[in-house]
$ cat my_file_34.txt   # compact mmCIF, C-alpha atoms (C1' of nucleotides)
# COMPACT_ATOMS: atom_id res chain seq x y z
CA MET A 1 13.49 0.05 21.44
CA ALA A 2 11.77 2.05 24.18
CA ALA A 3 10.03 -1.11 25.35
CA ALA A 4 13.38 -2.93 25.35
CA VAL A 5 14.94 -0.16 27.47
CA GLU A 6 12.14 -0.50 30.01
CA SER A 7 12.45 -4.27 30.23
CA PHE A 8 16.25 -4.46 30.21
CA ALA A 9 16.45 -1.84 32.97
CA ALA A 10 13.84 -3.57 35.12
CA LYS A 11 14.88 -7.20 34.73
CA GLY A 12 18.27 -7.17 33.06
CA PHE A 13 19.11 -8.41 29.56
CA HIS A 14 18.96 -12.12 30.36
CA GLY A 15 15.91 -11.65 32.58
CA THR A 16 14.01 -10.10 29.69
CA THR A 17 12.31 -12.23 27.04
CA THR A 18 11.59 -11.17 23.49
CA ARG A 19 7.93 -11.66 24.41
CA ASP A 20 8.32 -9.07 27.22
CA ILE A 21 9.69 -6.53 24.76
CA ALA A 22 7.07 -7.33 22.14
CA SER A 23 4.13 -7.02 24.51
CA GLY A 24 5.60 -3.81 25.93
CA ALA A 25 5.64 -2.44 22.40
CA GLY A 26 2.14 -3.76 21.67
CA MET A 27 3.41 -6.16 19.04
CA SER A 28 3.83 -9.84 18.44
CA PRO A 29 7.30 -11.30 19.10
CA ALA A 30 7.85 -11.85 15.39
CA ALA A 31 7.44 -8.13 14.66
CA LEU A 32 10.67 -7.36 16.55
CA TYR A 33 12.63 -9.31 13.98
CA VAL A 34 11.38 -7.13 11.15
CA HIS A 35 13.35 -4.24 12.69
CA HIS A 36 16.15 -5.92 14.66
CA ARG A 37 18.40 -8.85 13.93
CA SER A 38 18.41 -10.26 17.45
CA LYS A 39 17.83 -9.42 21.11
CA GLU A 40 21.54 -8.69 21.44
CA ASP A 41 21.29 -6.30 18.49
CA LEU A 42 18.68 -4.34 20.41
CA LEU A 43 20.95 -4.13 23.44
CA HIS A 44 23.85 -3.06 21.28
CA GLN A 45 21.90 -0.24 19.64
CA ILE A 46 20.57 0.99 23.00
CA SER A 47 24.00 0.80 24.60
CA ARG A 48 25.77 2.55 21.73
CA ALA A 49 23.22 5.35 21.50
CA GLY A 50 23.39 5.89 25.26
CA HIS A 51 27.17 5.99 25.29
CA VAL A 52 27.41 8.34 22.32
CA GLU A 53 24.93 10.73 23.91
CA THR A 54 26.85 10.71 27.19
CA LEU A 55 30.15 11.37 25.43
CA GLU A 56 28.62 14.30 23.56
CA LEU A 57 27.09 15.60 26.78
CA VAL A 58 30.48 15.54 28.48
CA GLN A 59 32.27 17.09 25.52
CA SER A 60 29.83 19.97 25.25
CA ALA A 61 29.99 20.56 29.01
CA VAL A 62 33.77 20.84 28.81
CA ALA A 63 33.40 23.25 25.90
CA THR A 64 31.29 25.74 27.91
CA SER A 65 34.34 27.31 29.54
CA ASP A 66 38.12 27.58 29.59
CA ASP A 67 38.24 27.53 33.37
CA PRO A 68 38.85 23.98 34.76
CA ARG A 69 36.73 24.81 37.76
CA GLU A 70 33.76 25.79 35.60
CA GLN A 71 34.39 22.81 33.33
CA LEU A 72 34.33 20.43 36.28
CA LEU A 73 31.08 21.87 37.60
CA ALA A 74 29.48 21.71 34.15
CA VAL A 75 30.58 18.13 33.49
CA VAL A 76 29.58 16.82 36.91
CA HIS A 77 26.24 18.60 36.78
CA ALA A 78 25.35 17.33 33.33
CA PHE A 79 26.63 13.84 34.07
CA VAL A 80 24.70 13.52 37.33
CA VAL A 81 21.46 14.92 35.93
CA ARG A 82 21.71 12.50 33.03
CA HIS A 83 22.27 9.49 35.28
CA ALA A 84 19.40 10.51 37.56
CA GLU A 85 16.77 11.52 35.01
CA GLY A 86 17.86 8.83 32.59
CA HIS A 87 18.54 6.16 35.19
CA THR A 88 16.51 3.63 33.21
CA GLY A 89 18.74 3.88 30.18
CA ALA A 90 21.85 4.48 32.26
CA ARG A 91 21.41 1.16 34.03
CA ILE A 92 21.55 -0.67 30.72
CA VAL A 93 24.52 1.40 29.61
CA ASN A 94 26.49 0.65 32.77
CA TYR A 95 25.30 -2.71 34.04
CA GLU A 96 24.53 -4.80 30.96
CA LEU A 97 27.90 -4.59 29.23
CA HIS A 98 28.62 -8.25 29.99
CA ALA A 99 25.71 -9.30 27.78
CA LEU A 100 27.22 -7.69 24.67
CA SER A 101 29.12 -9.76 22.13
CA PRO A 102 32.93 -9.33 22.35
CA GLU A 103 33.04 -7.13 19.22
CA HIS A 104 30.20 -4.92 20.37
CA LEU A 105 31.71 -4.68 23.85
CA GLU A 106 35.00 -3.45 22.42
CA GLU A 107 33.20 -0.78 20.40
CA ILE A 108 31.41 0.42 23.53
CA ALA A 109 34.56 0.23 25.66
CA ALA A 110 36.26 2.61 23.23
CA ILE A 111 33.53 5.22 23.81
CA ARG A 112 33.85 4.76 27.57
CA ARG A 113 37.60 5.39 27.33
CA ARG A 114 36.94 8.67 25.54
CA ILE A 115 34.53 9.73 28.30
CA GLU A 116 37.21 8.93 30.88
CA GLN A 117 39.75 10.93 28.90
CA GLU A 118 37.50 13.97 28.92
CA MET A 119 37.12 13.87 32.70
CA ARG A 120 40.80 13.20 33.21
CA GLY A 121 41.65 16.14 30.96
CA VAL A 122 39.58 18.52 33.07
CA VAL A 123 41.22 17.40 36.31
CA GLU A 124 44.74 17.41 34.87
CA ARG A 125 44.37 20.88 33.38
CA GLY A 126 43.12 22.11 36.74
CA VAL A 127 46.15 20.65 38.49
CA THR A 128 48.50 22.08 35.88
CA ALA A 129 46.87 25.49 36.24
CA GLY A 130 47.33 25.26 40.00
CA VAL A 131 43.62 25.60 40.81
CA PHE A 132 43.19 21.90 41.68
CA SER A 133 45.30 19.78 43.99
CA THR A 134 45.08 15.99 44.19
CA PRO A 135 47.68 13.27 44.76
CA ASP A 136 46.47 11.18 41.80
CA PRO A 137 44.47 12.98 39.09
CA HIS A 138 43.82 9.71 37.27
CA MET A 139 42.18 7.99 40.23
CA THR A 140 40.36 11.14 41.24
CA SER A 141 38.80 11.59 37.80
CA LEU A 142 37.78 7.94 37.83
CA ALA A 143 36.16 8.46 41.23
CA LEU A 144 34.26 11.48 39.91
CA LEU A 145 32.81 9.45 37.05
CA SER A 146 32.15 6.54 39.39
CA LEU A 147 30.14 8.78 41.69
CA GLY A 148 28.01 9.96 38.79
CA ILE A 149 27.48 6.51 37.30
CA ASP A 150 26.37 5.06 40.60
CA VAL A 151 23.59 7.65 40.82
CA ALA A 152 21.79 5.55 38.20
CA ARG A 153 21.84 2.60 40.61
CA TRP A 154 20.31 4.27 43.67
CA TYR A 155 18.25 7.12 42.21
CA ARG A 156 14.45 6.74 42.45
CA ASP A 157 11.94 9.05 40.75
CA GLU A 158 9.86 9.11 43.92
CA GLY A 159 12.89 9.91 46.11
CA ALA A 160 13.34 13.03 48.21
CA TRP A 161 15.87 14.75 45.94
CA THR A 162 15.45 16.10 42.42
CA PRO A 163 18.17 15.38 39.85
CA ALA A 164 19.19 19.06 39.97
CA GLU A 165 19.56 19.00 43.76
CA ILE A 166 21.77 15.93 43.59
CA ALA A 167 23.79 17.47 40.78
CA ASP A 168 24.34 20.67 42.80
CA HIS A 169 25.50 18.76 45.84
CA TYR A 170 27.73 16.53 43.73
CA GLY A 171 29.24 19.63 42.11
CA GLU A 172 30.29 20.82 45.55
CA LEU A 173 31.64 17.36 46.41
CA ALA A 174 33.59 17.31 43.15
CA LEU A 175 35.24 20.65 43.89
CA ARG A 176 36.28 19.35 47.28
CA MET A 177 37.59 16.09 45.83
CA VAL A 178 39.90 17.89 43.42
CA GLY A 179 41.02 20.25 46.17
CA ALA A 180 39.50 23.42 44.72
CA ALA A 181 38.20 26.16 46.99
CA SER A 182 34.57 25.62 47.96
CA SER A 183 33.14 28.88 46.56
CA PRO A 184 34.61 31.62 44.33
CA MET B 1 27.85 -21.75 46.72
CA ALA B 2 31.34 -20.70 45.63
CA ALA B 3 30.57 -21.91 42.11
CA ALA B 4 27.31 -19.96 42.17
CA VAL B 5 29.14 -16.79 43.25
CA GLU B 6 31.54 -17.17 40.33
CA SER B 7 28.78 -17.70 37.79
CA PHE B 8 26.38 -15.06 39.11
CA ALA B 9 29.17 -12.47 39.16
CA ALA B 10 30.32 -13.30 35.64
CA LYS B 11 26.99 -13.69 33.86
CA GLY B 12 24.35 -12.38 36.23
CA PHE B 13 21.65 -14.39 37.98
CA HIS B 14 19.42 -14.85 34.94
CA GLY B 15 22.41 -15.44 32.67
CA THR B 16 23.53 -18.34 34.84
CA THR B 17 22.02 -21.80 34.48
CA THR B 18 21.84 -24.41 37.19
CA ARG B 19 24.03 -26.53 34.89
CA ASP B 20 26.69 -23.78 34.97
CA ILE B 21 26.73 -23.84 38.75
CA ALA B 22 26.70 -27.61 38.93
CA SER B 23 29.59 -28.08 36.51
CA GLY B 24 31.51 -25.32 38.29
CA ALA B 25 31.11 -27.31 41.48
CA GLY B 26 31.98 -30.59 39.74
CA MET B 27 28.52 -32.03 40.32
CA SER B 28 25.42 -33.01 38.41
CA PRO B 29 22.60 -30.43 38.32
CA ALA B 30 20.46 -32.64 40.57
CA ALA B 31 23.06 -32.52 43.34
CA LEU B 32 22.41 -28.81 43.86
CA TYR B 33 18.89 -29.55 44.94
CA VAL B 34 20.06 -31.81 47.75
CA HIS B 35 21.53 -28.71 49.42
CA HIS B 36 19.45 -25.82 48.09
CA ARG B 37 15.76 -25.38 47.46
CA SER B 38 16.11 -23.37 44.24
CA LYS B 39 18.44 -21.16 42.24
CA GLU B 40 16.88 -18.11 43.92
CA ASP B 41 17.57 -19.70 47.31
CA LEU B 42 21.26 -19.81 46.41
CA LEU B 43 21.21 -16.13 45.45
CA HIS B 44 19.41 -15.27 48.65
CA GLN B 45 21.94 -17.05 50.85
CA ILE B 46 24.89 -15.48 49.01
CA SER B 47 23.32 -12.03 49.15
CA ARG B 48 22.40 -12.26 52.83
CA ALA B 49 25.81 -13.55 53.89
CA GLY B 50 27.52 -10.80 51.89
CA HIS B 51 25.33 -8.08 53.37
CA VAL B 52 25.72 -9.31 56.93
CA GLU B 53 29.51 -9.43 56.56
CA THR B 54 29.58 -5.90 55.16
CA LEU B 55 27.40 -4.60 57.99
CA GLU B 56 29.67 -6.21 60.57
CA LEU B 57 32.73 -4.83 58.79
CA VAL B 58 31.31 -1.32 58.94
CA GLN B 59 30.20 -1.66 62.54
CA SER B 60 33.59 -2.87 63.73
CA ALA B 61 35.34 -0.12 61.76
CA VAL B 62 33.20 2.49 63.50
CA ALA B 63 34.01 0.88 66.85
CA THR B 64 37.77 1.32 66.42
CA SER B 65 37.68 4.94 67.59
CA ASP B 66 35.61 7.70 69.16
CA ASP B 67 36.94 10.29 66.75
CA PRO B 68 34.61 10.80 63.74
CA ARG B 69 37.61 11.50 61.56
CA GLU B 70 39.26 8.19 62.47
CA GLN B 71 35.93 6.41 62.17
CA LEU B 72 35.41 7.77 58.67
CA LEU B 73 38.86 6.70 57.55
CA ALA B 74 38.40 3.23 59.04
CA VAL B 75 34.96 2.71 57.50
CA VAL B 76 35.93 3.96 54.05
CA HIS B 77 39.15 1.96 54.05
CA ALA B 78 37.48 -1.29 55.09
CA PHE B 79 34.53 -0.72 52.76
CA VAL B 80 36.69 0.02 49.73
CA VAL B 81 39.10 -2.87 50.34
CA ARG B 82 36.14 -5.21 50.66
CA HIS B 83 34.52 -4.02 47.44
CA ALA B 84 37.83 -4.29 45.55
CA GLU B 85 39.16 -7.60 46.88
CA GLY B 86 35.69 -9.11 47.05
CA HIS B 87 34.38 -7.53 43.85
CA THR B 88 33.06 -10.90 42.67
CA GLY B 89 30.76 -11.28 45.63
CA ALA B 90 30.12 -7.55 45.86
CA ARG B 91 28.71 -7.48 42.36
CA ILE B 92 26.08 -10.03 43.31
CA VAL B 93 25.33 -8.18 46.53
CA ASN B 94 24.83 -4.86 44.75
CA TYR B 95 23.66 -5.66 41.24
CA GLU B 96 21.48 -8.75 41.52
CA LEU B 97 18.96 -7.47 44.05
CA HIS B 98 16.24 -7.34 41.40
CA ALA B 99 16.40 -11.12 41.01
CA LEU B 100 15.44 -11.73 44.66
CA SER B 101 11.87 -12.55 45.62
CA PRO B 102 9.97 -9.63 47.19
CA GLU B 103 10.25 -11.10 50.71
CA HIS B 104 13.96 -11.81 50.37
CA LEU B 105 14.55 -8.37 48.88
CA GLU B 106 12.89 -6.71 51.86
CA GLU B 107 15.09 -8.69 54.26
CA ILE B 108 18.20 -7.58 52.38
CA ALA B 109 17.00 -3.99 52.08
CA ALA B 110 16.73 -3.84 55.87
CA ILE B 111 20.41 -4.75 56.20
CA ARG B 112 21.34 -2.13 53.61
CA ARG B 113 19.45 0.50 55.60
CA ARG B 114 21.47 -0.37 58.69
CA ILE B 115 24.71 0.03 56.72
CA GLU B 116 23.53 3.45 55.54
CA GLN B 117 22.65 4.41 59.11
CA GLU B 118 26.17 3.55 60.27
CA MET B 119 27.75 5.78 57.65
CA ARG B 120 25.28 8.56 58.25
CA GLY B 121 25.98 8.36 61.98
CA VAL B 122 29.70 8.89 61.43
CA VAL B 123 29.16 11.94 59.24
CA GLU B 124 26.51 13.46 61.49
CA ARG B 125 28.60 13.03 64.62
CA GLY B 126 31.50 14.69 62.83
CA VAL B 127 29.32 17.63 61.86
CA THR B 128 27.93 17.90 65.38
CA ALA B 129 31.45 17.82 66.81
CA GLY B 130 32.44 20.59 64.43
CA VAL B 131 35.20 18.59 62.74
CA PHE B 132 33.18 17.97 59.55
CA SER B 133 31.30 20.49 57.44
CA THR B 134 28.85 19.57 54.72
CA PRO B 135 25.58 21.13 53.52
CA ASP B 136 23.71 17.80 53.57
CA PRO B 137 25.15 15.01 55.75
CA HIS B 138 22.53 12.57 54.49
CA MET B 139 23.43 12.96 50.83
CA THR B 140 27.13 13.11 51.58
CA SER B 141 27.07 9.82 53.50
CA LEU B 142 25.12 8.25 50.65
CA ALA B 143 27.75 9.50 48.21
CA LEU B 144 30.51 8.00 50.37
CA LEU B 145 28.87 4.58 50.27
CA SER B 146 28.09 4.98 46.59
CA LEU B 147 31.75 5.63 45.84
CA GLY B 148 32.75 2.46 47.68
CA ILE B 149 30.07 0.26 46.13
CA ASP B 150 30.97 1.35 42.62
CA VAL B 151 34.54 0.15 43.15
CA ALA B 152 33.14 -3.37 42.75
CA ARG B 153 31.95 -2.43 39.25
CA TRP B 154 35.20 -1.06 37.82
CA TYR B 155 37.90 -2.81 39.87
CA ARG B 156 39.99 -5.43 38.02
CA ASP B 157 42.46 -7.78 39.69
CA GLU B 158 44.94 -7.10 36.90
CA GLY B 159 44.55 -3.31 37.20
CA ALA B 160 47.29 -0.87 38.11
CA TRP B 161 46.12 -0.18 41.67
CA THR B 162 45.98 -2.50 44.67
CA PRO B 163 42.88 -2.47 46.87
CA ALA B 164 44.91 -0.80 49.64
CA GLU B 165 46.08 1.98 47.31
CA ILE B 166 42.53 2.69 46.20
CA ALA B 167 41.34 2.62 49.81
CA ASP B 168 44.03 5.11 50.86
CA HIS B 169 43.14 7.51 48.08
CA TYR B 170 39.43 7.13 48.79
CA GLY B 171 40.09 7.87 52.46
CA GLU B 172 41.62 11.19 51.46
CA LEU B 173 38.70 11.89 49.11
CA ALA B 174 36.25 11.08 51.92
CA LEU B 175 37.90 13.53 54.29
CA ARG B 176 37.67 16.22 51.65
CA MET B 177 34.04 15.40 50.89
CA VAL B 178 32.99 15.86 54.52
CA GLY B 179 35.03 19.05 54.77
CA ALA B 180 37.63 17.76 57.22
CA ALA B 181 41.20 19.03 57.09
CA SER B 182 43.37 16.95 54.76
CA SER B 183 45.98 15.87 57.34
CA PRO B 184 46.08 16.08 61.14
C1' DA C 1 -7.88 -3.36 -11.24
C1' DT C 2 -3.76 -4.92 -10.29
C1' DC C 3 0.55 -5.43 -8.37
C1' DG C 4 4.57 -5.50 -5.07
C1' DG C 5 6.20 -4.64 -0.91
C1' DC C 6 5.87 -3.26 3.91
C1' DG C 7 4.63 -4.25 8.64
C1' DC C 8 2.54 -7.24 10.87
C1' DT C 9 0.43 -11.99 13.15
C1' DA C 10 -0.44 -17.01 14.18
C1' DA C 11 1.78 -20.86 14.69
C1' DG C 12 5.39 -23.37 15.81
C1' DC C 13 10.37 -25.36 15.62
C1' DG C 14 14.35 -26.90 18.01
C1' DC C 15 16.56 -26.17 22.03
C1' DT C 16 17.37 -24.88 26.83
C1' DT C 17 15.55 -23.92 31.18
C1' DG C 18 14.67 -24.99 36.39
C1' DC C 19 13.66 -28.73 38.70
C1' DT C 20 12.09 -33.80 39.71
C1' DT C 21 12.19 -38.69 39.82
C1' DA C 22 14.09 -43.19 40.40
C1' DG C 23 17.73 -45.44 41.81
C1' DC C 24 22.47 -46.56 43.48
C1' DA C 25 27.16 -46.79 46.05
C1' DG C 26 29.11 -46.44 50.42
C1' DG C 27 29.04 -45.74 55.35
C1' DT C 28 26.83 -46.44 60.09
C1' DA C 29 24.44 -48.84 63.54
C1' DA C 30 21.65 -52.54 65.63
C1' DT D 1 22.94 -59.66 58.14
C1' DT D 2 19.72 -56.25 57.81
C1' DA D 3 18.05 -51.74 57.61
C1' DC D 4 18.58 -47.21 56.83
C1' DC D 5 20.81 -43.17 56.14
C1' DT D 6 23.47 -39.44 53.13
C1' DG D 7 25.06 -37.62 48.88
C1' DC D 8 25.10 -38.37 44.65
C1' DT D 9 23.86 -39.51 39.16
C1' DA D 10 21.22 -40.61 34.80
C1' DA D 11 17.38 -39.56 32.70
C1' DG D 12 13.85 -36.78 31.71
C1' DC D 13 9.54 -33.65 32.18
C1' DA D 14 6.89 -29.50 31.41
C1' DA D 15 7.53 -25.00 30.40
C1' DG D 16 9.71 -21.28 28.39
C1' DC D 17 13.31 -19.61 25.37
C1' DG D 18 15.10 -17.01 20.84
C1' DC D 19 13.92 -16.99 16.53
C1' DT D 20 11.63 -18.56 11.87
C1' DT D 21 8.11 -19.53 8.62
C1' DA D 22 3.97 -18.86 6.04
C1' DG D 23 0.73 -15.89 5.07
C1' DC D 24 -2.44 -11.73 5.36
C1' DG D 25 -4.26 -6.81 5.15
C1' DC D 26 -3.13 -2.56 3.67
C1' DC D 27 -1.37 1.09 0.67
C1' DG D 28 0.87 3.81 -2.88
C1' DA D 29 2.28 3.24 -7.69
C1' DT D 30 1.20 1.62 -12.05
$ encode --input "my_file_34.txt" --output "structure tokens"
Amino acid sequence: MAAAVESFAAKGFHGTTTRDIASGAGMSPAALYVHHRSKEDLLHQISRAGHVETLELVQSAVATSDDPREQLLAVVHAFVVRHAEGHTGARIVNYELHALSPEHLEEIAAIRRRIEQEMRGVVERGVTAGVFSTPDPHMTSLALLSLGIDVARWYRDEGAWTPAEIADHYGELALRMVGAASSP
Amino acid sequence: MAAAVESFAAKGFHGTTTRDIASGAGMSPAALYVHHRSKEDLLHQISRAGHVETLELVQSAVATSDDPREQLLAVVHAFVVRHAEGHTGARIVNYELHALSPEHLEEIAAIRRRIEQEMRGVVERGVTAGVFSTPDPHMTSLALLSLGIDVARWYRDEGAWTPAEIADHYGELALRMVGAASSP
DNA sequence: ATCGGCGCTAAGCGCTTGCTTAGCAGGTAA
DNA sequence: TTACCTGCTAAGCAAGCGCTTAGCGCCGAT
């Protein structure tokens, strides 16, 4: 599975052959089929595991505080660090959905909806509490997730910024986007 | 080329066959090769045209005003509308770069750098003029582009928001991100 | 000592891939 | 009329694809 993650992230699902994955894992192509039903099955398992982990990450970040402001910072920080450090896996999670079978795609889409609900909840509670101010909490929360997801696209390990530095800056941007005061 | 755009956007470069493109264009597979050297050549032409158009769009948006605030609004609005309305082409432009040959990729990367420079210029001039305030103009301008690019990933024609509505909201978010006052 | 099963490989099957070849209808010009 | 374009198709080639089959070495249990 690790070899599949590497290949899928580098060349895309359709650009990867079962021989690529097998040689990356130091095996013959036939050995893959002892453990996995098909190439799509591999993608499905990788995608599901990645989505579940991200959902849990977001949920536990929300649970660290009762203050929407702290929740937002925690979620954005965790989300951005994950998409930077784990950009290899995150690319598969976010950019290879079209290669999933319709049933598998629907399963994954359900997890994505729950992630969106978590973010939306944070923003809406902040607005209700009067500490955030935004004309459309729905679109703003979507933009916050969008910003984090896209980190996986442009982030490079050899780049000038560490994941933590990006996450800190993005935390500040997030506070501004929801109309919270810059610093306590 | 229009048929190739459709197929590449829907299934990715490697997921698309020359027979897909040909039947989409109402031709036999061999007819493609009268006009294009290879499948990669098609991708290259589509990608280059898309990048050049985006660069020109950004440049002309910047040229509409001398005020960094107005420039930012114009660039973000044009950029977001383009990535929403033209999400089919924008997906190829942004998510199929890995399928280009090394030489073609370098050519495209140069155009992308010029787009980034335009956005960075707007933010930096705003900071210099004292109308924007951000701890890292470089990262902030990258985040602004990132937000616009990712619209192409999640936007759906049948969604609740029009491209103009998204662009308006994103303009407001952009002003907040660079630390400009919300309204004049 | 012998067995069954696990994890693997060598070989390859049937099909699809990107692309090529040979040739043909219709239009243009001398 | 002849010659030659342009834009196309039918057919197909070599290579690569996802996946299967047959079989082998190893190991713990009997």
$ closest_residue --input "my_file_34.txt" --among "B:Gly50, B:Pro137, B:Pro102, B:Gly26" --to "chain A" --atoms "only C-alpha atoms"
B:Pro137
$ atom_distance --input "my_file_34.txt" --atom1 "atom CA of Trp154 of chain A" --atom2 "atom CA of Leu142 of chain B"
9.4 Å
$ atom_distance --input "my_file_34.txt" --atom1 "atom CA of Glu56 of chain A" --atom2 "atom CA of Ile115 of chain A"
8.8 Å
$ closest_atom_pairs --input "my_file_34.txt" --of "chain D" --to "segment 7-25 of chain C" --cutoff "8 Å" --atoms "all atoms listed in the file" --output "tab-separated table"
residue	atom	partner	partner_atom	distance
D:DC13	C1'	C:DT20	C1'	8.0
D:DG16	C1'	C:DT17	C1'	7.0
D:DC17	C1'	C:DT16	C1'	6.8
D:DT20	C1'	C:DC13	C1'	7.9
$ closest_residue --input "my_file_34.txt" --among "B:Ala160, B:Gln117, B:Ala152, B:Val58" --to "Ala84 of chain B" --atoms "all atoms listed in the file"
B:Ala152
$ atom_distance --input "my_file_34.txt" --atom1 "atom C1' of DC3 of chain C" --atom2 "atom C1' of DG25 of chain D"
14.4 Å
$ interface_residues --input "my_file_34.txt" --of "chain A" --to "chain D" --cutoff "9 Å" --atoms "all atoms listed in the file" --output "list in words"
Thr17, Thr18, Ala30, Tyr33, Ser38 and Lys39 of chain A
$ residues_around --input "my_file_34.txt" --residues "Ser146 of chain B" --least-positions-apart "2" --cutoff "8 Å" --atoms "only C-alpha atoms (C1' of nucleotides)" --output "short mmCIF file (atom, residue, chain, number, x, y, z; two decimals) with C-alpha atoms, in the frame of the given file"
data_model
loop_
_atom_site.label_atom_id
_atom_site.label_comp_id
_atom_site.auth_asym_id
_atom_site.auth_seq_id
_atom_site.Cartn_x
_atom_site.Cartn_y
_atom_site.Cartn_z
CA LEU A 147 30.14 8.78 41.69
CA ASP A 150 26.37 5.06 40.60
CA VAL A 151 23.59 7.65 40.82
CA LEU B 142 25.12 8.25 50.65
CA ALA B 143 27.75 9.50 48.21
CA LEU B 144 30.51 8.00 50.37
CA GLY B 148 32.75 2.46 47.68
CA ILE B 149 30.07 0.26 46.13
CA ASP B 150 30.97 1.35 42.62
#
$ residues_around --input "my_file_34.txt" --residues "His98 of chain B" --least-positions-apart "6" --cutoff "10 Å" --atoms "all atoms listed in the file" --output "VMD selection string"
(chain A and resid 10 to 12 15) or (chain B and resid 13 105)
$ closest_residue --input "my_file_34.txt" --among "A:Glu116, A:Asp157, A:Glu96, A:Glu106" --to "chain B" --atoms "all atoms listed in the file"
A:Glu96
$ residues_around --input "my_file_34.txt" --residues "Arg91 of chain A" --least-positions-apart "4" --cutoff "7 Å" --atoms "only C-alpha atoms (C1' of nucleotides)" --output "PDB file with C-alpha atoms, in the frame of the given file"
ATOM      1  CA  ALA A   9      16.450  -1.840  32.970  1.00  0.00           C
ATOM      2  CA  HIS A  87      18.540   6.160  35.190  1.00  0.00           C
ATOM      3  CA  TYR A  95      25.300  -2.710  34.040  1.00  0.00           C
ATOM      4  CA  ALA A 152      21.790   5.550  38.200  1.00  0.00           C
ATOM      5  CA  ARG A 153      21.840   2.600  40.610  1.00  0.00           C
TER       6      ARG A 153
END
$ closest_residue --input "my_file_34.txt" --among "B:Ser133, B:Thr16, B:Thr88, B:Ser101" --to "Arg69 of chain B" --atoms "all atoms listed in the file"
B:Ser133
$ closest_residue --input "my_file_34.txt" --among "B:Gly171, B:Glu53, B:Asn94, B:His14" --to "chain A" --atoms "all atoms listed in the file"
B:His14
$ residues_near_point --input "my_file_34.txt" --point "(14.7, -0.4, 24.9)" --cutoff "8 Å" --atoms "all atoms listed in the file" --output "PyMOL selection string"
chain A and resi 1-8+21+42-43+46+89
$ write_last_selection --input "my_file_34.txt" --atoms "C-alpha atoms" --output "PDB file, keeping the file's coordinate frame"
ATOM      1  CA  MET A   1      13.490   0.050  21.440  1.00  0.00           C
ATOM      2  CA  ALA A   2      11.770   2.050  24.180  1.00  0.00           C
ATOM      3  CA  ALA A   3      10.030  -1.110  25.350  1.00  0.00           C
ATOM      4  CA  ALA A   4      13.380  -2.930  25.350  1.00  0.00           C
ATOM      5  CA  VAL A   5      14.940  -0.160  27.470  1.00  0.00           C
ATOM      6  CA  GLU A   6      12.140  -0.500  30.010  1.00  0.00           C
ATOM      7  CA  SER A   7      12.450  -4.270  30.230  1.00  0.00           C
ATOM      8  CA  PHE A   8      16.250  -4.460  30.210  1.00  0.00           C
ATOM      9  CA  ILE A  21       9.690  -6.530  24.760  1.00  0.00           C
ATOM     10  CA  LEU A  42      18.680  -4.340  20.410  1.00  0.00           C
ATOM     11  CA  LEU A  43      20.950  -4.130  23.440  1.00  0.00           C
ATOM     12  CA  ILE A  46      20.570   0.990  23.000  1.00  0.00           C
ATOM     13  CA  GLY A  89      18.740   3.880  30.180  1.00  0.00           C
TER      14      GLY A  89
END
$ build_atoms --input "my_file_34.txt" --residues "segment 72-81 of chain A" --atoms "N, CA and C atoms" --output "PDB file, keeping the file's coordinate frame"
ATOM      1  N   LEU A  72      34.644  21.527  35.368  1.00  0.00           N
ATOM      2  CA  LEU A  72      34.330  20.430  36.280  1.00  0.00           C
ATOM      3  C   LEU A  72      32.883  20.506  36.748  1.00  0.00           C
ATOM      4  N   LEU A  73      32.459  21.703  37.149  1.00  0.00           N
ATOM      5  CA  LEU A  73      31.080  21.870  37.600  1.00  0.00           C
ATOM      6  C   LEU A  73      30.091  21.521  36.482  1.00  0.00           C
ATOM      7  N   ALA A  74      30.392  21.969  35.279  1.00  0.00           N
ATOM      8  CA  ALA A  74      29.480  21.710  34.150  1.00  0.00           C
ATOM      9  C   ALA A  74      29.403  20.219  33.847  1.00  0.00           C
ATOM     10  N   VAL A  75      30.558  19.559  33.809  1.00  0.00           N
ATOM     11  CA  VAL A  75      30.580  18.130  33.490  1.00  0.00           C
ATOM     12  C   VAL A  75      29.854  17.334  34.567  1.00  0.00           C
ATOM     13  N   VAL A  76      30.192  17.580  35.821  1.00  0.00           N
ATOM     14  CA  VAL A  76      29.580  16.820  36.910  1.00  0.00           C
ATOM     15  C   VAL A  76      28.075  17.057  36.933  1.00  0.00           C
ATOM     16  N   HIS A  77      27.670  18.301  36.749  1.00  0.00           N
ATOM     17  CA  HIS A  77      26.240  18.600  36.780  1.00  0.00           C
ATOM     18  C   HIS A  77      25.501  17.865  35.670  1.00  0.00           C
ATOM     19  N   ALA A  78      26.002  17.977  34.464  1.00  0.00           N
ATOM     20  CA  ALA A  78      25.350  17.330  33.330  1.00  0.00           C
ATOM     21  C   ALA A  78      25.342  15.812  33.483  1.00  0.00           C
ATOM     22  N   PHE A  79      26.470  15.290  33.922  1.00  0.00           N
ATOM     23  CA  PHE A  79      26.630  13.840  34.070  1.00  0.00           C
ATOM     24  C   PHE A  79      25.661  13.291  35.128  1.00  0.00           C
ATOM     25  N   VAL A  80      25.564  13.984  36.238  1.00  0.00           N
ATOM     26  CA  VAL A  80      24.700  13.520  37.330  1.00  0.00           C
ATOM     27  C   VAL A  80      23.234  13.639  36.940  1.00  0.00           C
ATOM     28  N   VAL A  81      22.861  14.755  36.348  1.00  0.00           N
ATOM     29  CA  VAL A  81      21.460  14.920  35.930  1.00  0.00           C
ATOM     30  C   VAL A  81      21.091  13.819  34.936  1.00  0.00           C
TER      31      VAL A  81
END
